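Contents: one structure, followed by commentary.
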There are 2 protein chains.
Amino acid sequence: MKSTNLYKGSLTTIILKLLNENDKMYGYEITQKVKEITKGELNITEGALYPSLHKLEAEGLLDVEFAKVNNRTRKYYKLTELGTQETVNKLAELEDYIRTMRALVNPKFRLQ
Amino acid sequence: MKSTNLYKGSLTTIILKLLNENDKMYGYEITQKVKEITKGELNITEGALYPSLHKLEAEGLLDVEFAKVNNRTRKYYKLTELGTQETVNKLAELEDYIRTMRALVNPKFRLQ
DNA sequence: ATTTTATGCATAAGAAAATTATGTATATTT
DNA sequence: AAATATACATAATTTTCTTATGCATAAAAT
């Protein structure tokens, strides 16, 4: 998605959080929303997004619902109960990750 | 290294920063240092570490120096001038990543 | 009127970065 | 004597992503 490798492994967290906030979204909408929020800093590619959505659905974290808008098909995704739980976990993991990385790169944050 | 996928792509940043701080280190030392700083939260595996060190060396970011200690061989790595420059870049990328992810998962941080 | 861009989905080939497993060797601890 | 710690390395596999390609309709631009 971006020149830096740091976003590797972050896509699931991003998808879950956006769905947690917006109730239901379709793939293309997610790419646009991410572009908007990050001011273009992060562009999710379709080759990464769609397989990821399919996987989350297969794992039971997302439900699908089809809609026809302007003669074009949209595939809406929404969180399942399990998906909502997993969102909480993923967000906690992100905070842990940030805290740990800060401890590693900034000696000031080394403690406990 | 950890159950969460978020650390994927972070290893180079971690290695460079630790070497930036400690002048020279050997592989095993890096794994122990990371374990210590993160209180066991992050354990770098050898299968990830050694190939990564070799790659950084091949890219000219690290220099190697051998040492024999207690009849065992240590391979000390230190930053080259290029490696020091790249460390600055990687740390800036990490801060960008954290800022962007915060904007994505925390609506409070959405602005500019 | 036609081409390009935007919208909307999907998958396949390949690259990159990791995990897991294995191998070698010496020192120290149990 | 066996297990753990120290120290390096690589190979097979998995995960996640990039890049490329394909299909289809709508809107905008030339």
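Chain labels run A, B, ... following the order of the structure tokens; each chain numbers its residues from 1, and ligands are numbered from 1 in the order shown.
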>> Please identify all residues of chain D having at least one atom at most 12 Å from any atom of chain B, considering only C-alpha atoms (C1' of nucleotides), and return them as a ChimeraX atom specification.
In response: /D:5-12,15-17
> Which of chain A counts as strand (DSSP E or B) under DSSP, as a list of chain:residue names please?
Replying inline: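 Secondary structure check on chain A, strand (DSSP E or B): A:Lys24, A:Met25, A:Tyr26, A:Leu62, A:Asp63, A:Val64, A:Glu65, A:Phe66, A:Ala67, A:Lys68, A:Val69, A:Arg72, A:Thr73, A:Arg74, A:Lys75, A:Tyr76, A:Tyr77, A:Lys78, A:Leu79.
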>> With only C-alpha atoms considered, list every residue of chain A at most 10 Å from chain B, as a VMD selection string.
In response: chain A and resid 3 to 18 20 to 21 33 to 34 36 to 39 41 to 42 89 to 91 93 to 107 109 to 112
Serialized selection, N, CA and C atoms, as a tab-separated table (two decimals), in the first residue's frame:
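part_35.tsv was written with the following content:
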```
chain	number	residue	atom	x	y	z
A	3	SER	N	5.11	2.96	0.51
A	3	SER	CA	6.51	2.63	0.35
A	3	SER	C	7.08	1.96	1.60
A	4	THR	N	6.65	2.38	2.76
A	4	THR	CA	7.13	1.77	4.00
A	4	THR	C	6.46	0.42	4.24
A	5	ASN	N	7.21	-0.47	4.87
A	5	ASN	CA	6.71	-1.82	5.15
A	5	ASN	C	5.86	-1.87	6.41
A	6	LEU	N	5.84	-0.78	7.13
A	6	LEU	CA	5.22	-0.80	8.45
A	6	LEU	C	3.73	-1.12	8.41
A	7	TYR	N	3.09	-0.84	7.29
A	7	TYR	CA	1.65	-1.09	7.22
A	7	TYR	C	1.31	-2.57	7.06
A	8	LYS	N	2.32	-3.37	6.75
A	8	LYS	CA	2.10	-4.82	6.63
A	8	LYS	C	1.50	-5.35	7.91
A	9	GLY	N	0.38	-6.01	7.77
A	9	GLY	CA	-0.26	-6.57	8.95
A	9	GLY	C	-1.28	-5.65	9.59
A	10	SER	N	-1.43	-4.45	9.04
A	10	SER	CA	-2.34	-3.47	9.63
A	10	SER	C	-3.71	-3.43	8.97
A	11	LEU	N	-3.81	-4.07	7.80
A	11	LEU	CA	-5.04	-3.92	7.01
A	11	LEU	C	-6.29	-4.42	7.74
A	12	THR	N	-6.18	-5.57	8.37
A	12	THR	CA	-7.32	-6.13	9.11
A	12	THR	C	-7.81	-5.15	10.18
A	13	THR	N	-6.87	-4.59	10.91
A	13	THR	CA	-7.23	-3.64	11.96
A	13	THR	C	-7.97	-2.44	11.37
A	14	ILE	N	-7.48	-1.95	10.24
A	14	ILE	CA	-8.10	-0.79	9.60
A	14	ILE	C	-9.52	-1.10	9.14
A	15	ILE	N	-9.68	-2.25	8.48
A	15	ILE	CA	-11.01	-2.64	7.99
A	15	ILE	C	-11.99	-2.78	9.15
A	16	LEU	N	-11.59	-3.51	10.17
A	16	LEU	CA	-12.49	-3.75	11.29
A	16	LEU	C	-12.88	-2.44	11.96
A	17	LYS	N	-11.93	-1.57	12.17
A	17	LYS	CA	-12.24	-0.31	12.84
A	17	LYS	C	-13.20	0.55	12.02
A	18	LEU	N	-12.99	0.62	10.72
A	18	LEU	CA	-13.88	1.43	9.87
A	18	LEU	C	-15.30	0.86	9.87
A	20	ASN	N	-16.56	-0.87	12.26
A	20	ASN	CA	-17.07	-0.68	13.61
A	20	ASN	C	-17.70	0.70	13.75
A	21	GLU	N	-17.15	1.61	12.98
A	21	GLU	CA	-17.57	3.00	13.07
A	21	GLU	C	-18.72	3.32	12.12
A	33	LYS	N	-12.37	5.95	1.77
A	33	LYS	CA	-12.40	6.48	3.14
A	33	LYS	C	-10.98	6.54	3.72
A	34	VAL	N	-10.20	5.50	3.47
A	34	VAL	CA	-8.83	5.46	3.97
A	34	VAL	C	-8.00	6.56	3.31
A	36	GLU	N	-9.09	9.35	2.18
A	36	GLU	CA	-9.56	10.63	2.71
A	36	GLU	C	-9.00	10.89	4.12
A	37	ILE	N	-9.14	9.91	4.99
A	37	ILE	CA	-8.70	10.09	6.38
A	37	ILE	C	-7.20	10.32	6.47
A	38	THR	N	-6.45	9.60	5.62
A	38	THR	CA	-4.99	9.69	5.70
A	38	THR	C	-4.42	10.76	4.77
A	39	LYS	N	-5.29	11.53	4.15
A	39	LYS	CA	-4.85	12.59	3.23
A	39	LYS	C	-3.96	12.01	2.13
A	41	GLU	N	-1.98	9.54	2.30
A	41	GLU	CA	-0.76	8.89	2.81
A	41	GLU	C	-0.83	7.37	2.63
A	42	LEU	N	-2.03	6.83	2.77
A	42	LEU	CA	-2.21	5.38	2.61
A	42	LEU	C	-3.26	5.07	1.58
A	89	ASN	N	-10.08	-6.49	20.21
A	89	ASN	CA	-8.76	-7.11	20.35
A	89	ASN	C	-7.71	-6.45	19.46
A	90	LYS	N	-8.10	-6.23	18.21
A	90	LYS	CA	-7.15	-5.66	17.26
A	90	LYS	C	-6.74	-4.24	17.67
A	91	LEU	N	-7.66	-3.49	18.19
A	91	LEU	CA	-7.34	-2.13	18.62
A	91	LEU	C	-6.41	-2.15	19.82
A	93	GLU	N	-4.31	-4.55	20.45
A	93	GLU	CA	-3.02	-5.00	19.92
A	93	GLU	C	-2.26	-3.83	19.29
A	94	LEU	N	-2.99	-2.96	18.61
A	94	LEU	CA	-2.36	-1.80	18.00
A	94	LEU	C	-1.76	-0.88	19.06
A	95	GLU	N	-2.50	-0.67	20.13
A	95	GLU	CA	-1.98	0.18	21.20
A	95	GLU	C	-0.75	-0.46	21.85
A	96	ASP	N	-0.80	-1.78	22.03
A	96	ASP	CA	0.36	-2.50	22.56
A	96	ASP	C	1.56	-2.35	21.63
A	97	TYR	N	1.28	-2.53	20.35
A	97	TYR	CA	2.35	-2.42	19.35
A	97	TYR	C	3.00	-1.04	19.43
A	98	ILE	N	2.18	-0.01	19.46
A	98	ILE	CA	2.71	1.36	19.49
A	98	ILE	C	3.53	1.59	20.76
A	99	ARG	N	3.02	1.12	21.89
A	99	ARG	CA	3.73	1.30	23.15
A	99	ARG	C	5.08	0.56	23.11
A	100	THR	N	5.05	-0.65	22.60
A	100	THR	CA	6.29	-1.45	22.53
A	100	THR	C	7.30	-0.84	21.58
A	101	MET	N	6.84	-0.39	20.43
A	101	MET	CA	7.76	0.21	19.46
A	101	MET	C	8.34	1.51	20.01
A	102	ARG	N	7.54	2.27	20.70
A	102	ARG	CA	8.04	3.50	21.32
A	102	ARG	C	9.11	3.19	22.34
A	103	ALA	N	8.90	2.12	23.11
A	103	ALA	CA	9.90	1.71	24.10
A	103	ALA	C	11.21	1.33	23.41
A	104	LEU	N	11.08	0.70	22.25
A	104	LEU	CA	12.26	0.26	21.52
A	104	LEU	C	13.03	1.41	20.89
A	105	VAL	N	12.32	2.35	20.34
A	105	VAL	CA	13.02	3.42	19.60
A	105	VAL	C	13.25	4.68	20.42
A	106	ASN	N	12.57	4.78	21.55
A	106	ASN	CA	12.76	5.97	22.38
A	106	ASN	C	13.08	5.58	23.81
A	107	PRO	N	14.36	5.62	24.17
A	107	PRO	CA	14.80	5.22	25.50
A	107	PRO	C	14.02	5.90	26.63
A	109	PHE	N	10.98	6.15	26.87
A	109	PHE	CA	9.76	5.40	27.16
A	109	PHE	C	10.05	4.01	27.72
A	110	ARG	N	11.30	3.78	28.12
A	110	ARG	CA	11.65	2.47	28.66
A	110	ARG	C	11.48	2.44	30.16
A	111	LEU	N	10.50	1.65	30.60
A	111	LEU	CA	10.27	1.62	32.04
A	111	LEU	C	9.37	0.46	32.49
A	112	GLN	N	8.67	0.70	33.57
A	112	GLN	CA	7.75	-0.24	34.26
A	112	GLN	C	8.50	-0.95	35.36
```
With a cut-off of 8 Å and counting only C-alpha atoms (C1' of nucleotides), select all residues of chain C in contact with chain A and give the selection as a PDB file with N, CA, C and O atoms (P, O5', C5', C4', C3', O3' and C1' of nucleotides), in the first residue's frame.
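Final file, out-v3.pdb:
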```pdb
ATOM      1  P    DT C   7     -14.909   7.791  -7.911  1.00  0.00           P
ATOM      2  O5'  DT C   7     -15.751   6.472  -8.220  1.00  0.00           O
ATOM      3  C5'  DT C   7     -17.101   6.621  -8.642  1.00  0.00           C
ATOM      4  C4'  DT C   7     -17.681   5.282  -9.014  1.00  0.00           C
ATOM      5  C3'  DT C   7     -17.719   4.241  -7.874  1.00  0.00           C
ATOM      6  O3'  DT C   7     -19.053   3.793  -7.749  1.00  0.00           O
ATOM      7  C1'  DT C   7     -16.918   3.286  -9.857  1.00  0.00           C
ATOM      8  P    DG C   8     -19.551   3.066  -6.459  1.00  0.00           P
ATOM      9  O5'  DG C   8     -18.800   1.664  -6.580  1.00  0.00           O
ATOM     10  C5'  DG C   8     -19.585   0.478  -6.744  1.00  0.00           C
ATOM     11  C4'  DG C   8     -18.776  -0.715  -7.146  1.00  0.00           C
ATOM     12  C3'  DG C   8     -17.774  -1.294  -6.145  1.00  0.00           C
ATOM     13  O3'  DG C   8     -18.429  -2.157  -5.229  1.00  0.00           O
ATOM     14  C1'  DG C   8     -17.197  -1.655  -8.460  1.00  0.00           C
ATOM     15  P    DC C   9     -17.516  -3.023  -4.179  1.00  0.00           P
ATOM     16  O5'  DC C   9     -17.034  -4.301  -5.031  1.00  0.00           O
ATOM     17  C5'  DC C   9     -17.990  -5.294  -5.392  1.00  0.00           C
ATOM     18  C4'  DC C   9     -17.418  -6.230  -6.437  1.00  0.00           C
ATOM     19  C3'  DC C   9     -16.332  -7.168  -5.937  1.00  0.00           C
ATOM     20  O3'  DC C   9     -16.908  -8.342  -5.396  1.00  0.00           O
ATOM     21  C1'  DC C   9     -15.902  -6.358  -8.163  1.00  0.00           C
ATOM     22  P    DA C  10     -15.926  -9.373  -4.626  1.00  0.00           P
ATOM     23  O5'  DA C  10     -14.956  -9.920  -5.775  1.00  0.00           O
ATOM     24  C5'  DA C  10     -15.466 -10.705  -6.830  1.00  0.00           C
ATOM     25  C4'  DA C  10     -14.331 -11.129  -7.733  1.00  0.00           C
ATOM     26  C3'  DA C  10     -13.203 -11.795  -6.953  1.00  0.00           C
ATOM     27  O3'  DA C  10     -13.310 -13.197  -7.081  1.00  0.00           O
ATOM     28  C1'  DA C  10     -12.388 -10.284  -8.646  1.00  0.00           C
TER      29       DA C  10
END
```
> Which parts of chain A does DSSP call helix (DSSP H, G or I) when run on the backbone here, written out as a PyMOL selection string?
Replying inline: chain A and resi 5-7+11-22+27-37+46-58+81-105+107-109
